[in-house]
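File shown: structure-v5.cif. Contents: mmCIF, C-alpha atoms and all ligand atoms.
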data_input
#
loop_
_atom_site.label_atom_id
_atom_site.label_comp_id
_atom_site.auth_asym_id
_atom_site.auth_seq_id
_atom_site.Cartn_x
_atom_site.Cartn_y
_atom_site.Cartn_z
CA MET P 1 107.14 93.43 89.80
CA THR P 2 110.26 95.07 91.20
CA GLU P 3 113.46 93.34 90.11
CA ARG P 4 116.81 94.01 91.70
CA SER P 5 120.07 92.27 90.85
CA GLN P 6 120.18 89.66 93.56
CA PRO P 7 123.42 88.76 95.33
CA ARG P 8 123.67 85.15 96.50
CA VAL P 9 121.15 84.54 99.28
CA ARG P 10 122.50 82.93 102.44
CA ARG P 11 120.12 83.93 105.20
CA ILE P 12 116.51 85.07 105.29
CA ALA P 13 114.17 86.06 108.11
CA ILE P 14 110.43 85.66 108.66
CA ASN P 15 108.08 87.69 110.84
CA THR P 16 104.35 87.94 111.48
CA GLY P 17 102.66 91.26 112.27
CA GLY P 18 99.22 92.63 113.12
CA GLY P 19 96.25 90.52 114.23
CA ASP P 20 96.78 86.77 113.88
CA ALA P 21 94.89 84.70 111.31
CA PRO P 22 94.56 80.92 111.01
CA GLY P 23 97.23 79.75 108.56
CA LEU P 24 100.19 81.85 109.75
CA ASN P 25 102.06 78.77 110.96
CA ALA P 26 101.48 77.02 107.64
CA VAL P 27 103.17 79.95 105.83
CA ILE P 28 106.07 79.84 108.29
CA ARG P 29 106.50 76.10 107.74
CA ALA P 30 106.31 76.26 103.94
CA ALA P 31 108.66 79.24 103.70
CA THR P 32 111.13 77.71 106.14
CA LEU P 33 111.27 74.28 104.50
CA SER P 34 111.45 75.78 100.99
CA ALA P 35 114.29 78.09 102.07
CA LEU P 36 116.18 75.28 103.82
CA ASN P 37 115.86 73.28 100.60
CA GLU P 38 117.57 76.17 98.79
CA GLY P 39 120.44 75.81 101.26
CA TRP P 40 119.60 79.08 103.06
CA GLU P 41 119.52 79.72 106.78
CA VAL P 42 116.21 80.94 108.20
CA LEU P 43 115.68 83.17 111.22
CA GLY P 44 112.38 83.82 112.96
CA ILE P 45 111.82 87.27 114.45
CA ARG P 46 109.42 87.36 117.38
CA ARG P 47 106.47 89.78 117.67
CA GLY P 48 106.82 91.53 114.33
CA TYR P 49 110.02 93.60 114.51
CA MET P 50 110.08 93.76 118.31
CA GLY P 51 112.31 90.70 118.67
CA LEU P 52 115.04 92.60 116.83
CA LEU P 53 114.70 95.65 119.07
CA GLU P 54 114.06 93.99 122.42
CA GLY P 55 116.41 91.00 122.22
CA GLU P 56 115.80 88.32 124.84
CA VAL P 57 112.48 88.44 126.71
CA ASP P 58 111.36 85.83 129.27
CA GLY P 59 114.43 83.74 128.46
CA GLU P 60 113.56 83.58 124.74
CA ALA P 61 115.83 85.10 122.11
CA GLY P 62 114.15 87.82 120.02
CA VAL P 63 115.58 86.24 116.86
CA PHE P 64 116.11 82.50 116.61
CA PRO P 65 116.91 79.87 113.96
CA LEU P 66 113.94 78.32 112.19
CA THR P 67 115.05 74.77 111.58
CA ALA P 68 113.10 71.86 110.14
CA GLN P 69 112.58 70.73 113.72
CA ALA P 70 111.25 74.17 114.77
CA VAL P 71 108.50 74.07 112.14
CA ARG P 72 107.57 70.41 112.52
CA GLY P 73 103.86 69.65 112.95
CA ILE P 74 102.63 73.25 112.88
CA THR P 75 100.61 73.39 109.62
CA HIS P 76 97.33 72.85 111.45
CA LEU P 77 98.01 75.13 114.41
CA GLY P 78 96.27 78.48 114.88
CA GLY P 79 98.15 81.55 116.14
CA THR P 80 101.80 82.01 115.19
CA ILE P 81 104.91 80.42 116.67
CA LEU P 82 106.64 83.78 116.11
CA GLY P 83 104.12 85.79 118.11
CA THR P 84 102.70 89.02 116.75
CA THR P 85 101.75 92.52 117.80
CA THR P 86 99.45 95.29 116.64
CA ARG P 87 101.63 97.84 118.44
CA GLY P 88 104.99 97.25 116.79
CA ASN P 89 105.23 99.79 113.98
CA PRO P 90 108.95 100.67 113.98
CA PHE P 91 108.15 104.00 112.28
CA GLY P 92 106.02 105.06 115.23
CA LEU P 93 106.66 103.00 118.35
CA GLU P 94 104.80 104.11 121.45
CA VAL P 95 107.08 105.34 124.23
CA ARG P 96 106.41 106.87 127.60
CA GLN P 97 107.76 110.46 127.71
CA PRO P 98 109.57 111.84 130.79
CA ASP P 99 106.39 113.80 131.68
CA GLY P 100 104.37 110.55 131.77
CA THR P 101 102.47 111.12 128.51
CA TRP P 102 102.77 108.77 125.52
CA GLY P 103 104.59 109.72 122.35
CA THR P 104 106.04 107.88 119.38
CA VAL P 105 109.57 107.31 118.15
CA ASP P 106 110.84 106.21 114.72
CA ARG P 107 113.20 103.22 115.10
CA SER P 108 113.03 102.05 111.47
CA GLY P 109 116.69 102.97 110.88
CA GLU P 110 117.71 100.63 113.72
CA ILE P 111 115.72 97.81 112.11
CA ILE P 112 117.58 98.23 108.81
CA GLN P 113 120.86 98.36 110.73
CA LYS P 114 120.04 95.14 112.64
CA PHE P 115 119.21 93.31 109.41
CA ARG P 116 122.61 94.37 108.03
CA GLU P 117 124.45 93.34 111.20
CA GLN P 118 122.81 89.91 111.14
CA GLU P 119 123.53 89.61 107.40
CA ILE P 120 119.89 88.87 106.57
CA ASP P 121 119.47 88.95 102.78
CA ALA P 122 115.67 89.12 102.66
CA LEU P 123 112.64 89.32 104.94
CA ILE P 124 109.36 87.48 104.42
CA ALA P 125 106.84 89.76 106.15
CA ILE P 126 103.47 88.10 106.76
CA GLY P 127 100.78 90.63 107.55
CA GLY P 128 97.62 92.56 106.74
CA ASP P 129 97.40 96.07 105.31
CA GLY P 130 99.10 97.72 108.32
CA SER P 131 102.03 95.30 108.40
CA LEU P 132 102.40 95.31 104.62
CA ASN P 133 102.50 99.12 104.65
CA ILE P 134 105.32 98.92 107.18
CA ALA P 135 107.09 96.30 105.05
CA HIS P 136 106.73 98.51 101.99
CA ALA P 137 108.14 101.54 103.85
CA LEU P 138 111.11 99.42 105.03
CA TYR P 139 111.62 98.21 101.47
CA GLN P 140 111.75 101.82 100.33
CA LYS P 141 114.44 102.40 102.96
CA GLY P 142 116.53 99.56 101.50
CA LEU P 143 115.30 96.38 103.20
CA PRO P 144 114.77 93.49 100.74
CA VAL P 145 111.21 92.36 101.52
CA ILE P 146 108.57 89.94 100.21
CA GLY P 147 105.07 90.38 101.61
CA VAL P 148 102.58 87.58 102.32
CA PRO P 149 98.97 88.77 102.70
CA LYS P 150 97.10 87.70 105.81
CA THR P 151 93.81 88.78 107.30
CA ILE P 152 90.52 87.19 108.21
CA ASP P 153 88.87 90.34 106.84
CA ASN P 154 89.77 89.48 103.21
CA ASP P 155 90.08 93.20 102.49
CA LEU P 156 93.33 93.35 100.49
CA SER P 157 92.64 94.38 96.92
CA ALA P 158 95.63 92.77 95.21
CA THR P 159 94.70 89.21 96.16
CA ASP P 160 91.42 87.40 95.50
CA VAL P 161 91.55 85.77 98.92
CA THR P 162 93.66 86.01 102.07
CA PHE P 163 94.25 82.92 104.19
CA GLY P 164 92.30 82.88 107.44
CA PHE P 165 89.19 84.32 105.80
CA GLN P 166 87.53 81.01 104.93
CA THR P 167 88.20 79.68 108.43
CA ALA P 168 86.52 82.76 109.91
CA VAL P 169 83.57 82.27 107.54
CA GLU P 170 83.31 78.63 108.61
CA VAL P 171 83.29 79.53 112.33
CA ALA P 172 80.73 82.30 111.80
CA THR P 173 78.50 80.08 109.63
CA ASP P 174 78.50 77.44 112.35
CA ALA P 175 77.55 80.05 114.97
CA ILE P 176 74.72 81.44 112.84
CA GLY P 177 73.46 77.91 112.20
CA ARG P 178 73.35 77.22 115.94
CA LEU P 179 71.32 80.35 116.60
CA HIS P 180 68.40 79.17 114.45
CA SER P 181 67.07 76.59 116.88
CA THR P 182 67.22 78.79 119.96
CA ALA P 183 65.82 81.79 118.04
CA GLU P 184 62.90 79.70 116.79
CA ALA P 185 62.26 78.10 120.18
CA HIS P 186 61.87 81.53 121.81
CA GLN P 187 60.48 83.39 118.81
CA ARG P 188 63.24 85.95 119.22
CA VAL P 189 65.31 88.21 117.04
CA MET P 190 68.96 87.18 117.32
CA ILE P 191 71.62 89.62 116.20
CA VAL P 192 75.14 88.32 115.65
CA GLN P 193 78.02 90.76 115.22
CA LEU P 194 80.93 89.58 113.10
CA MET P 195 84.42 90.94 112.42
CA GLY P 196 85.65 92.49 109.18
CA ARG P 197 86.53 96.09 110.11
CA HIS P 198 85.34 98.38 107.30
CA THR P 199 84.33 95.54 104.97
CA GLY P 200 81.50 93.01 105.06
CA TRP P 201 83.10 89.91 103.54
CA ILE P 202 82.78 87.66 106.61
CA ALA P 203 79.22 88.82 107.31
CA LEU P 204 78.12 88.38 103.70
CA GLU P 205 79.59 84.92 103.08
CA SER P 206 78.64 83.44 106.45
CA GLY P 207 75.27 85.19 106.53
CA LEU P 208 74.38 83.69 103.19
CA ALA P 209 75.71 80.22 104.02
CA GLY P 210 74.15 80.30 107.50
CA GLY P 211 70.67 81.29 106.33
CA ALA P 212 70.49 84.78 107.88
CA ASP P 213 67.33 86.80 107.21
CA VAL P 214 69.12 90.14 107.33
CA ILE P 215 72.77 90.86 106.49
CA LEU P 216 74.17 94.28 107.30
CA ILE P 217 77.52 95.28 105.80
CA PRO P 218 79.41 98.58 105.71
CA GLU P 219 79.13 98.75 101.93
CA ILE P 220 75.29 98.95 102.07
CA PRO P 221 74.06 101.48 104.68
CA TYR P 222 71.10 100.14 106.65
CA ASP P 223 67.84 101.73 107.74
CA VAL P 224 66.48 100.37 111.04
CA ASN P 225 62.92 100.78 109.76
CA ARG P 226 63.63 98.50 106.81
CA ILE P 227 65.08 95.84 109.13
CA ALA P 228 62.02 96.09 111.39
CA GLU P 229 59.79 95.70 108.31
CA LYS P 230 61.60 92.49 107.41
CA VAL P 231 61.13 91.11 110.94
CA ARG P 232 57.41 92.01 110.89
CA GLU P 233 57.01 90.50 107.42
CA ARG P 234 58.46 87.21 108.71
CA ASP P 235 56.14 87.32 111.71
CA ALA P 236 53.20 87.77 109.35
CA GLN P 237 54.34 84.63 107.53
CA ARG P 238 54.45 82.83 110.91
CA ARG P 239 58.22 82.79 110.86
CA ARG P 240 58.26 84.33 114.31
CA PHE P 241 62.05 84.54 114.69
CA SER P 242 64.71 86.34 112.70
CA ILE P 243 68.47 86.08 112.44
CA ILE P 244 70.31 89.31 111.75
CA VAL P 245 74.01 89.19 110.87
CA VAL P 246 75.77 92.52 111.27
CA ALA P 247 79.35 93.30 110.30
CA GLU P 248 81.09 95.21 113.10
CA GLY P 249 81.73 98.12 110.73
CA ALA P 250 78.14 98.39 109.43
CA VAL P 251 76.97 101.94 108.81
CA SER P 252 73.42 103.29 109.14
CA VAL P 253 71.83 105.52 106.51
CA GLU P 254 72.32 108.34 109.02
CA GLY P 255 76.08 107.64 108.81
CA GLU P 256 76.39 106.11 112.30
CA SER P 257 79.11 103.49 112.79
CA TYR P 258 80.71 102.13 115.91
CA ALA P 259 84.49 102.58 115.72
CA ASP P 260 86.09 104.04 118.83
CA ALA P 261 88.95 106.57 118.87
CA THR P 262 91.51 103.76 118.45
CA GLY P 263 89.72 102.40 115.37
CA ARG P 264 88.27 99.36 117.18
CA TYR P 265 84.69 98.46 116.31
CA ARG P 266 82.25 97.66 119.09
CA GLY P 267 78.66 98.21 119.96
CA VAL P 268 76.69 97.95 116.74
CA ALA P 269 74.85 94.75 117.72
CA ASP P 270 73.71 96.08 121.09
CA GLN P 271 72.61 99.37 119.60
CA LEU P 272 70.68 97.59 116.86
CA GLY P 273 69.19 95.17 119.38
CA ASP P 274 67.65 98.06 121.33
CA GLN P 275 66.39 99.72 118.16
CA ILE P 276 64.84 96.55 116.73
CA ALA P 277 63.24 95.62 120.06
CA ALA P 278 61.72 99.11 120.27
CA ALA P 279 60.51 99.07 116.66
CA THR P 280 59.02 95.54 116.65
CA GLY P 281 58.19 94.84 120.30
CA LYS P 282 59.99 91.53 119.93
CA GLU P 283 62.39 89.99 122.39
CA THR P 284 65.89 90.53 121.01
CA ARG P 285 69.25 89.03 121.96
CA THR P 286 72.72 89.90 120.73
CA LEU P 287 75.94 87.95 120.31
CA VAL P 288 79.39 89.33 119.53
CA LEU P 289 81.33 86.41 118.08
CA GLY P 290 84.67 88.21 118.46
CA HIS P 291 88.08 86.56 118.39
CA ILE P 292 86.67 83.03 118.11
CA GLN P 293 86.60 83.88 114.39
CA ARG P 294 90.41 84.09 114.43
CA GLY P 295 91.23 81.35 116.89
CA GLY P 296 91.90 77.65 116.44
CA GLU P 297 92.86 75.54 113.49
CA PRO P 298 92.75 76.76 109.88
CA ILE P 299 90.46 74.79 107.58
CA ALA P 300 92.12 72.84 104.74
CA TYR P 301 91.54 75.64 102.19
CA ASP P 302 93.45 78.14 104.33
CA ARG P 303 96.23 75.67 105.12
CA ASN P 304 96.83 75.03 101.44
CA LEU P 305 96.64 78.70 100.46
CA ALA P 306 99.07 79.54 103.26
CA LEU P 307 101.48 76.77 102.22
CA ARG P 308 101.32 77.99 98.60
CA PHE P 309 102.03 81.58 99.69
CA GLY P 310 105.00 80.51 101.83
CA ALA P 311 106.60 78.47 99.05
CA ALA P 312 105.92 81.22 96.49
CA ALA P 313 107.59 83.82 98.71
CA VAL P 314 110.78 81.75 98.63
CA ARG P 315 110.57 81.47 94.83
CA CYS P 316 110.31 85.28 94.70
CA ILE P 317 113.51 85.64 96.73
CA ARG P 318 115.28 83.05 94.57
CA GLU P 319 114.26 84.94 91.44
CA GLY P 320 115.23 88.34 92.90
CA SER P 321 111.67 89.58 92.76
CA LEU P 322 111.82 91.76 95.88
CA GLY P 323 109.48 94.52 97.00
CA THR P 324 106.59 92.31 95.97
CA MET P 325 103.71 90.54 97.66
CA VAL P 326 102.51 87.08 96.73
CA ALA P 327 98.84 87.07 95.77
CA LEU P 328 96.15 84.68 94.59
CA GLN P 329 94.67 85.78 91.28
CA GLY P 330 92.25 83.33 89.76
CA ASN P 331 93.87 80.05 90.73
CA ARG P 332 97.43 81.25 90.28
CA ILE P 333 99.87 82.65 92.74
CA ARG P 334 101.52 85.79 91.39
CA ALA P 335 103.90 88.43 92.69
CA VAL P 336 102.50 91.96 92.69
CA PRO P 337 104.39 95.13 93.63
CA LEU P 338 104.03 95.78 97.38
CA GLY P 339 103.22 99.42 96.67
CA ASP P 340 100.15 98.44 94.63
CA ALA P 341 99.17 95.73 97.09
CA VAL P 342 98.74 98.14 99.99
CA HIS P 343 97.04 100.81 97.94
CA ASP P 344 93.33 99.98 98.11
CA ILE P 345 90.96 98.21 100.47
CA LYS P 346 88.85 95.55 98.74
CA ARG P 347 85.18 96.17 99.54
CA VAL P 348 82.06 94.18 98.73
CA ALA P 349 80.46 95.63 95.59
CA PRO P 350 76.78 96.29 96.45
CA ASP P 351 75.81 94.92 93.02
CA SER P 352 78.05 91.84 93.26
CA GLU P 353 76.73 88.40 92.43
CA LEU P 354 76.81 87.26 96.06
CA VAL P 355 74.69 90.21 97.17
CA MET P 356 72.34 89.62 94.24
CA THR P 357 72.04 85.94 95.13
CA ALA P 358 71.17 86.77 98.73
CA ARG P 359 68.56 89.30 97.62
CA GLN P 360 67.00 86.73 95.26
CA LEU P 361 66.66 84.42 98.27
CA GLY P 362 64.78 87.10 100.17
CA VAL P 363 67.65 88.27 102.39
CA SER P 364 67.32 91.91 103.42
CA PHE P 365 70.35 94.22 103.51
CA GLY P 366 68.38 96.77 105.49
CA ASP P 367 68.22 99.14 102.52
O1 LIG W 401 91.76 92.66 111.16
C1 LIG W 401 91.40 91.51 111.83
C2 LIG W 401 90.50 91.83 112.98
O2 LIG W 401 90.13 90.62 113.61
C3 LIG W 401 89.26 92.66 112.64
O3 LIG W 401 88.26 91.91 112.02
C4 LIG W 401 88.89 93.22 113.98
O4 LIG W 401 88.17 94.43 113.87
C5 LIG W 401 90.23 93.47 114.61
O5 LIG W 401 91.17 92.64 113.95
C6 LIG W 401 90.29 93.20 116.08
O6 LIG W 401 91.53 93.62 116.53
P1 LIG W 401 92.11 93.25 117.95
O7 LIG W 401 92.57 91.83 117.90
O8 LIG W 401 93.23 94.21 118.12
O9 LIG W 401 91.01 93.43 118.95
#

Would you write out, as C-alpha cells, the structure that this file holds?
Amino acid sequence: MTERSQPRVRRIAINTGGGDAPGLNAVIRAATLSALNEGWEVLGIRRGYMGLLEGEVDGEAGVFPLTAQAVRGITHLGGTILGTTTRGNPFGLEVRQPDGTWGTVDRSGEIIQKFREQEIDALIAIGGDGSLNIAHALYQKGLPVIGVPKTIDNDLSATDVTFGFQTAVEVATDAIGRLHSTAEAHQRVMIVQLMGRHTGWIALESGLAGGADVILIPEIPYDVNRIAEKVRERDAQRRRFSIIVVAEGAVSVEGESYADATGRYRGVADQLGDQIAAATGKETRTLVLGHIQRGGEPIAYDRNLALRFGAAAVRCIREGSLGTMVALQGNRIRAVPLGDAVHDIKRVAPDSELVMTARQLGVSFGD
C-alpha cells in the first residue's frame, strides 16, 4: 500500500469511467455519505474527467456538489448519476484535426491543474481496468487517487469479485432458463452470446446455474465438431434440444475470435449458429443478450459490495493510503496498490473447480 503524509482533507471528488455496471450509484452514495460524515465536501465529476474539461453542458455543471440530498434513494438504481464515458481518456482524447482526420491529444496536465485549482484533496475513481489504468497514470503524475473496481466482466485480478458481476450473472441465468422451454418445444439448438470481453466468467457462472449443455469461454478454445457431437449425443438420448452459452470473446481451436478493430466483440453466436446448423442439420437460433446484462437494478449482493467499497475508499483517504484500490479478498475489504491492481487480467482457470463441476455434470466446453 502506498502511504503519503496526508495533509488535512477538506474536499474530495468522485467520478465513474468506462462501461457502467449495476452498483455504481451505491458506491457514490456510500462514499459521499461517509465523506460528509468526516466533515469533508464532496464533488461529483460528470462523464469521467470530461466534466472538468468541458464545464457546463446542457445546462448542467461539469462538476457539482454531492450532498446528502443528491445521493438520496440511489442505492438500488442502475447506471450512474455522474454519467460515464468509454472515450474520455485524458491521456489520449480524440480530436478532429484541421484536415478532418481524427487524432489524439494529451490533456492529463490540465486535469491535474483543475484538481489543484478546485482544491480537491483526493479523487475516488470508480472504474474497470481502463479507467483504473488512467487513475494510476494520474496518480503517478501527482493526483491523490483511490480506485474502486467495477466491471460486470469480473476480470480484475486484485479483487475476488467486482460489483455488477453477480447482477449480470443473474440476468444471464434468467435468460438461459427462459430459453429451455422454447428450445424444447421446437427441438432447436439455441445459442446465447454473453458479455465478458476476453474472459468467460459470466458465461461460466450463468451457464452452469442456467443448465446449459455447452459453455464456450475464451480460456478453453472450442472445436465446432466437438460441440456438434454433444448436440448429436443429446439427440440420441432423446433430448432433442440443446442450449449453448458462448462468451463473446470465445476462441476456436483454429484461433478465430470475433473482436473488431475497435476491440468490440460481435458475431460469434451467429457464426457458430451457421456452423452447428450445417454440422447437425438441426434448426438453430441465436440470441445476443447484450447490454441487458448491465442495465437495471443491482442485486443485493452487488449493492452491499458497492456500499462496502465506497465506505472503504473514504477510510483509505482518511488513513492517507493513496494510490491504492479497494478490493475484496476472501470476505475482507483491503487496499492494494493501484499499480498491482491494473497489472493482470483475471481469467478462468481451465482446471478450476467450477469448470470441473460443470464437466462432472456432463457440460461440454467444446474441447
Ligand atoms: O466491460 C464491460 C462490457 O460490457 C463488456 O462485457 C463488453 O464487451 C463491453 O463492455 C461492451 O462495451 P460497450 O458498452 O462500449 O458496447

Using all atoms listed in the file: which of P:Gly177, P:Pro221, P:Gly310, P:Gly128 has the shortest distance to Pro350 in chain P: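 Looking at the shortest contact to Pro350 in chain P, the residue is P:Pro221.
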
Protein and nucleic residues near ligand LIG 401 (chain W), 7 Å, all atoms listed in the file, as a PDB file with C-alpha atoms, in the frame of the given file:
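What follows is the written file pocket.pdb:
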ATOM      1  CA  GLY P  19      96.250  90.520 114.230  1.00  0.00           C
ATOM      2  CA  THR P  86      99.450  95.290 116.640  1.00  0.00           C
ATOM      3  CA  THR P 151      93.810  88.780 107.300  1.00  0.00           C
ATOM      4  CA  ILE P 152      90.520  87.190 108.210  1.00  0.00           C
ATOM      5  CA  ASP P 153      88.870  90.340 106.840  1.00  0.00           C
ATOM      6  CA  MET P 195      84.420  90.940 112.420  1.00  0.00           C
ATOM      7  CA  GLY P 196      85.650  92.490 109.180  1.00  0.00           C
ATOM      8  CA  ARG P 197      86.530  96.090 110.110  1.00  0.00           C
ATOM      9  CA  ARG P 264      88.270  99.360 117.180  1.00  0.00           C
ATOM     10  CA  TYR P 265      84.690  98.460 116.310  1.00  0.00           C
ATOM     11  CA  HIS P 291      88.080  86.560 118.390  1.00  0.00           C
ATOM     12  CA  ARG P 294      90.410  84.090 114.430  1.00  0.00           C
TER      13      ARG P 294
END

Two-atom distance - CA of Ala277 in chain P, CA of Arg188 in chain P (Å):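 For CA of Ala277 in chain P relative to CA of Arg188 in chain P, the distance reads 9.7 Å.
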
Counting all atoms listed in the file, the option among P:Val224, P:Ala349, P:Ala125, P:Ile333 closest to Thr159 in chain P: P:Ile333

Minimum-distance residue to Leu194 in chain P, chosen among P:Arg107, P:Arg87, P:Arg285, P:Arg266 (using only C-alpha atoms): P:Arg266

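Of the residues listed (P:Thr262, P:Asn15, P:Ser252, P:Ser108), P:Asn15 shows the shortest atom-to-atom separation from Ala122 in chain P; distances use all atoms listed in the file.
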
Gap from CA of Gly296 in chain P to CA of Ala35 in chain P - Å, one decimal: 26.6 Å

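One distance worth recording is that between CA of Glu110 in chain P and CA of Val336 in chain P, which is 27.4 Å.
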
Contact residues around Tyr49 in chain P with all atoms listed in the file at 12 Å, ignoring same-chain residues under 2 positions, as a PyMOL selection string: chain P and resi 13-18+44-47+51-55+62-63+82-91+93+107-108+110-112+114-115+123-127+131+134-135+138

Shortest interatomic distance to Thr162 in chain P - which of P:Glu94, P:Glu229, P:Asp129, P:Glu283, counting all atoms listed in the file: P:Asp129

Residue among P:Leu179, P:Leu132, P:Arg11, P:Ala212 lying closest to Gln118 in chain P, counting all atoms listed in the file: P:Arg11

Could you pull the residues within 12 Å of Leu36 in chain P, counting all atoms listed in the file, minus those fewer than 6 positions along the same chain, as an mmCIF file with C-alpha atoms, in the frame of the given file?
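Output file out06.cif follows:
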data_model
loop_
_atom_site.group_PDB
_atom_site.id
_atom_site.type_symbol
_atom_site.label_atom_id
_atom_site.label_comp_id
_atom_site.auth_asym_id
_atom_site.auth_seq_id
_atom_site.Cartn_x
_atom_site.Cartn_y
_atom_site.Cartn_z
ATOM 1 C CA VAL P 9 121.150 84.540 99.280
ATOM 2 C CA ARG P 10 122.500 82.930 102.440
ATOM 3 C CA ARG P 11 120.120 83.930 105.200
ATOM 4 C CA ILE P 12 116.510 85.070 105.290
ATOM 5 C CA ALA P 13 114.170 86.060 108.110
ATOM 6 C CA ILE P 28 106.070 79.840 108.290
ATOM 7 C CA ARG P 29 106.500 76.100 107.740
ATOM 8 C CA ALA P 30 106.310 76.260 103.940
ATOM 9 C CA VAL P 42 116.210 80.940 108.200
ATOM 10 C CA LEU P 43 115.680 83.170 111.220
ATOM 11 C CA PRO P 65 116.910 79.870 113.960
ATOM 12 C CA LEU P 66 113.940 78.320 112.190
ATOM 13 C CA THR P 67 115.050 74.770 111.580
ATOM 14 C CA ALA P 68 113.100 71.860 110.140
ATOM 15 C CA GLN P 69 112.580 70.730 113.720
ATOM 16 C CA VAL P 71 108.500 74.070 112.140
ATOM 17 C CA ALA P 311 106.600 78.470 99.050
ATOM 18 C CA VAL P 314 110.780 81.750 98.630
#

Can you give me N, CA and C atoms for range 239-259 of chain P, written as a CSV table (one decimal), keeping the file's coordinate frame?
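Below you can see result.csv, which holds the result:
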chain,number,residue,atom,x,y,z
P,239,ARG,N,56.8,83.1,110.6
P,239,ARG,CA,58.2,82.8,110.9
P,239,ARG,C,58.5,83.8,112.0
P,240,ARG,N,58.3,83.4,113.2
P,240,ARG,CA,58.3,84.3,114.3
P,240,ARG,C,59.6,84.6,114.9
P,241,PHE,N,60.7,84.2,114.2
P,241,PHE,CA,62.0,84.5,114.7
P,241,PHE,C,62.8,85.1,113.5
P,242,SER,N,63.9,85.8,113.8
P,242,SER,CA,64.7,86.3,112.7
P,242,SER,C,66.2,86.3,113.1
P,243,ILE,N,67.0,86.0,112.2
P,243,ILE,CA,68.5,86.1,112.4
P,243,ILE,C,69.1,87.3,111.6
P,244,ILE,N,69.7,88.1,112.4
P,244,ILE,CA,70.3,89.3,111.8
P,244,ILE,C,71.8,89.2,111.9
P,245,VAL,N,72.5,89.2,110.8
P,245,VAL,CA,74.0,89.2,110.9
P,245,VAL,C,74.5,90.6,110.6
P,246,VAL,N,75.3,91.1,111.5
P,246,VAL,CA,75.8,92.5,111.3
P,246,VAL,C,77.3,92.6,111.3
P,247,ALA,N,77.9,93.1,110.3
P,247,ALA,CA,79.4,93.3,110.3
P,247,ALA,C,79.7,94.4,111.3
P,248,GLU,N,80.8,94.2,112.0
P,248,GLU,CA,81.1,95.2,113.1
P,248,GLU,C,81.2,96.6,112.6
P,249,GLY,N,81.5,96.8,111.3
P,249,GLY,CA,81.7,98.1,110.7
P,249,GLY,C,80.5,98.6,110.0
P,250,ALA,N,79.4,98.0,110.2
P,250,ALA,CA,78.1,98.4,109.4
P,250,ALA,C,77.8,99.9,109.7
P,251,VAL,N,77.2,100.5,108.7
P,251,VAL,CA,77.0,101.9,108.8
P,251,VAL,C,75.5,102.2,108.6
P,252,SER,N,74.8,103.0,109.4
P,252,SER,CA,73.4,103.3,109.1
P,252,SER,C,73.3,104.4,108.1
P,253,VAL,N,72.1,104.5,107.6
P,253,VAL,CA,71.8,105.5,106.5
P,253,VAL,C,72.1,106.9,107.1
P,254,GLU,N,72.0,107.0,108.4
P,254,GLU,CA,72.3,108.3,109.0
P,254,GLU,C,73.8,108.5,109.2
P,255,GLY,N,74.6,107.5,108.8
P,255,GLY,CA,76.1,107.6,108.8
P,255,GLY,C,76.7,107.2,110.1
P,256,GLU,N,75.9,106.6,111.0
P,256,GLU,CA,76.4,106.1,112.3
P,256,GLU,C,77.2,104.8,112.1
P,257,SER,N,78.4,104.8,112.7
P,257,SER,CA,79.1,103.5,112.8
P,257,SER,C,79.7,103.4,114.2
P,258,TYR,N,80.3,102.3,114.5
P,258,TYR,CA,80.7,102.1,115.9
P,258,TYR,C,82.2,101.9,116.1
P,259,ALA,N,83.0,102.7,115.5
P,259,ALA,CA,84.5,102.6,115.7
P,259,ALA,C,84.8,103.6,116.8
